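Report on the following structure.
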Amino acid sequence: MPEALCIGELLIDFVSTTPDVTLAEAPGFVKAPGGAPANVAVGLAKLGVDAGFIGKVGADAFGDFLRETLQQNSVDTAHLIAGETSRTTLAFVATRSDGMKDITFYRHPGADIQLSPDEIDRRYIQSAELFHYGSVSLSHSPSREATIAAIRAAKAGRARLSYDPNVRLMLWDDAADAKRWIWEVMPYADVVKISDEEWEFVTGDVDLKQGIKRILELGVKLLVVTLGERGCYYTNGFADGFVDGFIVNVVDTLGAGDAFVAAMLTQLRQYMDLTALERDQLDPIMRYANAAGALATQKVGVIPSLPTPSEIDSFL
Ligand code: ADP
């Protein structure tokens, strides 16, 4: 049984072959595996963690490609289901030079949202020590109910729970609904990572203070706000700080947040009580995660750019 499990979307990103264009301008696209929780699973595996992925693809060539990709990266796919009723979800992506992404999803419906609660293996989940989830799988039923059932199973087991809301408003029928479900699963998390671009939508707070208070009051032990090239801010309610990012020449920012999460989670494994960590323990962890995020911007595509421990060590 894998030590770490990630649940959520696994899909094909068709990434523009030309940088700094809109989707309408993009002349062509390259096929790449995508889906934030799946990226985190690969990120963990590349860092030496025994990781598995729970989700659904279609019983089609793209689904086969995604399964093979996870397997080639040593991610357990025993609970990646190939659904017969819908096709593997697709996303078309163009990234502008300012880091903003232009994305269109083909998911009406896609296989990823067809994962159902009766396909969740609670025993598999309860044996995990780390469980990571997002909010994209909450946007539609039945994957919403499946995700919540899995989160509850992880919480009833011995896992540390990690949550990256990863807001993708275009996937929701309405923004208020997105906000409601994003908050619904917040109290289960031990570690929450939110990017600065998502902060205002999630917390309704331009300033950090009120939002932090609200999240920590739910029982979240460690909250990290990633700030792109500026690094990150963290707080466990006891210690907090900003940790500068690294200056690099960016090739493609896709997956930086997923690399950051995977690297941070591997470093946190050595500590039982996240609320007791002090700055001199958290600063180097966040620096390590910033390095992983920076490295993820150095290659085209997410999975090839997720770093190994030796790549992070030599970068540092
Ligand atoms: P997301 O990818 O989820 O939108 P961010 O853009 O905040 O999240 O990136 C996550 C982390 O990756 C940052 O905290 C930082 O450490 C690193 N990172 C992202 N963009 C850059 C960049 N342009 N230069 C250096 N590091 C970066």
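Identifiers in the structure tokens: chain A, B, ... in order shown; residue index from 1 per chain; ligand index from 1 in order shown.
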Enumerate, in order of chain and increasing residue number, the residues of chain A with an atom no farther than 10 Å from ligand 1, each with its shortest atom pair and distance in Å to one decimal, counting only C-alpha atoms and all ligand atoms, as CSV.
residue,atom,partner,partner_atom_place_in_ligand_line,distance
A:Ala36,CA,ligand 1,3 (O),8.8
A:Ser97,CA,ligand 1,23 (N),9.8
A:Asp98,CA,ligand 1,23 (N),8.8
A:Gly99,CA,ligand 1,23 (N),7.5
A:Met100,CA,ligand 1,4 (O),8.8
A:Lys101,CA,ligand 1,4 (O),9.5
A:Asp164,CA,ligand 1,3 (O),8.2
A:Pro165,CA,ligand 1,3 (O),9.3
A:Asn166,CA,ligand 1,3 (O),6.8
A:Val167,CA,ligand 1,3 (O),9.3
A:Lys193,CA,ligand 1,3 (O),8.3
A:Ile194,CA,ligand 1,3 (O),7.1
A:Ser195,CA,ligand 1,7 (O),4.7
A:Asp196,CA,ligand 1,7 (O),6.3
A:Glu197,CA,ligand 1,4 (O),7.0
A:Glu198,CA,ligand 1,4 (O),8.2
A:Val224,CA,ligand 1,14 (O),8.9
A:Val225,CA,ligand 1,7 (O),7.4
A:Thr226,CA,ligand 1,7 (O),3.9
A:Leu227,CA,ligand 1,7 (O),4.2
A:Gly228,CA,ligand 1,7 (O),3.5
A:Glu229,CA,ligand 1,22 (C),3.6
A:Arg230,CA,ligand 1,15 (C),6.5
A:Gly231,CA,ligand 1,14 (O),4.1
A:Cys232,CA,ligand 1,14 (O),4.7
A:Tyr233,CA,ligand 1,14 (O),8.3
A:Val243,CA,ligand 1,16 (O),8.6
A:Asp244,CA,ligand 1,16 (O),7.8
A:Gly245,CA,ligand 1,16 (O),5.0
A:Phe246,CA,ligand 1,25 (C),4.8
A:Ile247,CA,ligand 1,25 (C),5.4
A:Val248,CA,ligand 1,24 (N),5.4
A:Asn249,CA,ligand 1,24 (N),7.3
A:Val250,CA,ligand 1,23 (N),5.6
A:Val251,CA,ligand 1,23 (N),8.8
A:Asp252,CA,ligand 1,23 (N),8.5
A:Thr253,CA,ligand 1,20 (N),5.7
A:Leu254,CA,ligand 1,2 (O),6.1
A:Gly255,CA,ligand 1,2 (O),5.4
A:Ala256,CA,ligand 1,2 (O),4.2
A:Gly257,CA,ligand 1,2 (O),3.4
A:Asp258,CA,ligand 1,3 (O),6.4
A:Ala259,CA,ligand 1,12 (O),7.2
A:Phe260,CA,ligand 1,11 (C),5.4
A:Val261,CA,ligand 1,10 (C),8.1
A:Met286,CA,ligand 1,16 (O),8.0
A:Arg287,CA,ligand 1,16 (O),7.7
A:Tyr288,CA,ligand 1,16 (O),8.6
A:Ala289,CA,ligand 1,16 (O),6.2
A:Asn290,CA,ligand 1,16 (O),3.2
A:Ala291,CA,ligand 1,16 (O),6.2
A:Ala292,CA,ligand 1,12 (O),7.0
A:Gly293,CA,ligand 1,12 (O),3.3
A:Ala294,CA,ligand 1,26 (N),3.6
A:Leu295,CA,ligand 1,26 (N),7.4
A:Ala296,CA,ligand 1,12 (O),7.3
A:Thr297,CA,ligand 1,21 (C),6.4
A:Gln298,CA,ligand 1,24 (N),9.0
Test item, strand (DSSP E) assignment across stretch 81-253 of chain A, answer as an NGL selection string: :A and (81-83 or 90-95 or 101-106 or 130-134 or 160-164 or 191-195 or 222-226 or 232-235 or 240-243)
Exercise: A:Pro142 partners within 10 Å, only C-alpha atoms, chain neighbours under 4 positions left out, as a ChimeraX atom specification: /A:112-118,137-138,146-147
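If you measure from each of A:Pro33, A:Pro2, A:Gly48, A:Gly63 to A:Val300 using only C-alpha atoms, the closest one turns out to be A:Pro33.
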Spatial neighbours of A:Ala189, max dist 7 Å, only C-alpha atoms, sep filter under 3 positions, as an MDAnalysis selection string: chainID A and resid 161:163 186 192 220
Could the residues in this selection be saved with N, CA, C and O atoms as a compact mmCIF listing (two decimals), in the first residue's frame?
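Printed below is selection.txt as written:
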# COMPACT_ATOMS: atom_id res chain seq x y z
N LEU A 161 -3.36 15.23 6.16
CA LEU A 161 -4.11 15.66 4.97
C LEU A 161 -3.59 16.99 4.44
O LEU A 161 -3.37 17.93 5.21
N SER A 162 -3.39 17.04 3.14
CA SER A 162 -2.87 18.22 2.47
C SER A 162 -3.87 18.67 1.41
O SER A 162 -4.42 17.85 0.67
N TYR A 163 -4.10 19.99 1.34
CA TYR A 163 -5.14 20.53 0.45
C TYR A 163 -4.59 21.72 -0.33
O TYR A 163 -4.05 22.66 0.26
N MET A 186 -12.05 22.38 3.69
CA MET A 186 -10.91 23.02 4.37
C MET A 186 -10.66 22.46 5.77
O MET A 186 -9.51 22.21 6.14
N VAL A 192 -2.49 23.45 4.24
CA VAL A 192 -3.18 24.08 3.11
C VAL A 192 -2.19 24.96 2.37
O VAL A 192 -1.45 25.74 2.97
N VAL A 220 -6.70 23.96 10.63
CA VAL A 220 -5.55 23.80 9.72
C VAL A 220 -4.29 24.13 10.50
O VAL A 220 -4.21 25.13 11.21
Who sits within 8 Å of stretch 267-282 of chain A, only C-alpha atoms, same chain under 3 positions skipped, as JSON, numbers by chain: {"A": [221, 222, 236, 237, 238, 239, 240, 241, 263, 264, 285, 286]}
Output file for the selection above: N, CA, C and O atoms, as a compact mmCIF listing (two decimals), in the first residue's frame:
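selection-v2.txt, freshly written:
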# COMPACT_ATOMS: atom_id res chain seq x y z
N LYS A 221 -3.27 23.24 10.38
CA LYS A 221 -2.08 23.40 11.23
C LYS A 221 -0.99 24.23 10.57
O LYS A 221 -0.23 24.91 11.25
N LEU A 222 -0.93 24.14 9.26
CA LEU A 222 0.08 24.92 8.54
C LEU A 222 -0.55 25.46 7.27
O LEU A 222 -1.10 24.70 6.47
N ASN A 236 1.91 28.79 11.02
CA ASN A 236 1.23 27.70 11.74
C ASN A 236 0.53 28.27 12.99
O ASN A 236 0.15 27.53 13.88
N GLY A 237 0.40 29.60 13.00
CA GLY A 237 -0.25 30.26 14.12
C GLY A 237 0.71 30.55 15.26
O GLY A 237 0.41 31.30 16.17
N PHE A 238 1.89 29.98 15.15
CA PHE A 238 2.90 30.09 16.21
C PHE A 238 4.14 30.77 15.62
O PHE A 238 4.67 31.72 16.18
N ALA A 239 4.54 30.26 14.47
CA ALA A 239 5.66 30.86 13.75
C ALA A 239 5.18 31.24 12.36
O ALA A 239 4.35 30.54 11.78
N ASP A 240 5.68 32.35 11.84
CA ASP A 240 5.33 32.70 10.46
C ASP A 240 6.48 33.43 9.80
O ASP A 240 7.40 33.90 10.49
N GLY A 241 6.46 33.50 8.49
CA GLY A 241 7.52 34.22 7.80
C GLY A 241 7.36 34.19 6.29
O GLY A 241 6.61 33.37 5.75
N ALA A 263 7.42 18.89 -2.65
CA ALA A 263 8.69 19.07 -1.94
C ALA A 263 8.44 19.44 -0.47
O ALA A 263 9.08 18.91 0.44
N MET A 264 7.49 20.34 -0.25
CA MET A 264 7.18 20.73 1.13
C MET A 264 6.69 19.52 1.94
O MET A 264 7.13 19.31 3.07
N ILE A 285 12.51 24.40 5.11
CA ILE A 285 11.53 23.57 4.38
C ILE A 285 10.94 24.38 3.23
O ILE A 285 10.81 23.90 2.10
N MET A 286 10.60 25.63 3.52
CA MET A 286 10.00 26.48 2.49
C MET A 286 11.02 26.87 1.42
O MET A 286 10.70 27.02 0.26
7 Å contact set for A:Leu47, only C-alpha atoms, chain neighbours under 3 positions out, as a VMD selection string: chain A and resid 43 to 44 308 to 309
What lies within 6 Å of stretch 81-91 of chain A using only C-alpha atoms, ignoring chain neighbours under 5 positions off, as a short mmCIF file (atom, residue, chain, number, x, y, z; two decimals) with N, CA and C atoms, in the first residue's frame?
data_model
loop_
_atom_site.label_atom_id
_atom_site.label_comp_id
_atom_site.auth_asym_id
_atom_site.auth_seq_id
_atom_site.Cartn_x
_atom_site.Cartn_y
_atom_site.Cartn_z
N LEU A 11 -5.76 14.40 -16.43
CA LEU A 11 -6.29 14.76 -17.75
C LEU A 11 -5.14 15.06 -18.70
N ILE A 12 -5.50 15.30 -19.94
CA ILE A 12 -4.49 15.70 -20.92
C ILE A 12 -4.50 17.22 -21.03
N ASP A 13 -3.33 17.82 -20.86
CA ASP A 13 -3.16 19.24 -21.19
C ASP A 13 -2.63 19.30 -22.61
N LYS A 56 -10.18 8.92 -12.17
CA LYS A 56 -10.78 8.22 -13.31
C LYS A 56 -10.39 8.88 -14.63
N VAL A 57 -10.03 8.02 -15.58
CA VAL A 57 -9.82 8.46 -16.97
C VAL A 57 -10.82 7.68 -17.82
N GLY A 58 -10.86 7.97 -19.12
CA GLY A 58 -11.71 7.20 -20.01
C GLY A 58 -10.99 5.93 -20.45
N ALA A 59 -11.77 4.95 -20.89
CA ALA A 59 -11.16 3.74 -21.48
C ALA A 59 -10.82 4.07 -22.93
N GLY A 63 -6.48 7.95 -21.91
CA GLY A 63 -6.48 7.35 -20.57
C GLY A 63 -5.32 6.37 -20.42
N THR A 104 -8.96 26.22 -21.55
CA THR A 104 -10.32 25.75 -21.87
C THR A 104 -10.40 24.25 -21.64
N PHE A 105 -11.39 23.82 -20.86
CA PHE A 105 -11.55 22.39 -20.55
C PHE A 105 -12.59 21.73 -21.45
N TYR A 106 -12.33 20.47 -21.81
CA TYR A 106 -13.32 19.63 -22.51
C TYR A 106 -13.72 18.56 -21.51
N ARG A 107 -14.84 18.77 -20.87
CA ARG A 107 -15.23 17.97 -19.71
C ARG A 107 -16.75 18.05 -19.55
N GLY A 110 -16.40 14.86 -18.44
CA GLY A 110 -15.17 14.12 -18.65
C GLY A 110 -15.09 12.99 -17.64
N ALA A 111 -14.23 12.03 -17.92
CA ALA A 111 -14.13 10.85 -17.05
C ALA A 111 -13.75 11.24 -15.61
#
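Candidate residues A:Met1, A:Leu265, A:Val15, A:Val93 were compared for distance to A:Ala51, and the nearest is A:Met1, using only C-alpha atoms.
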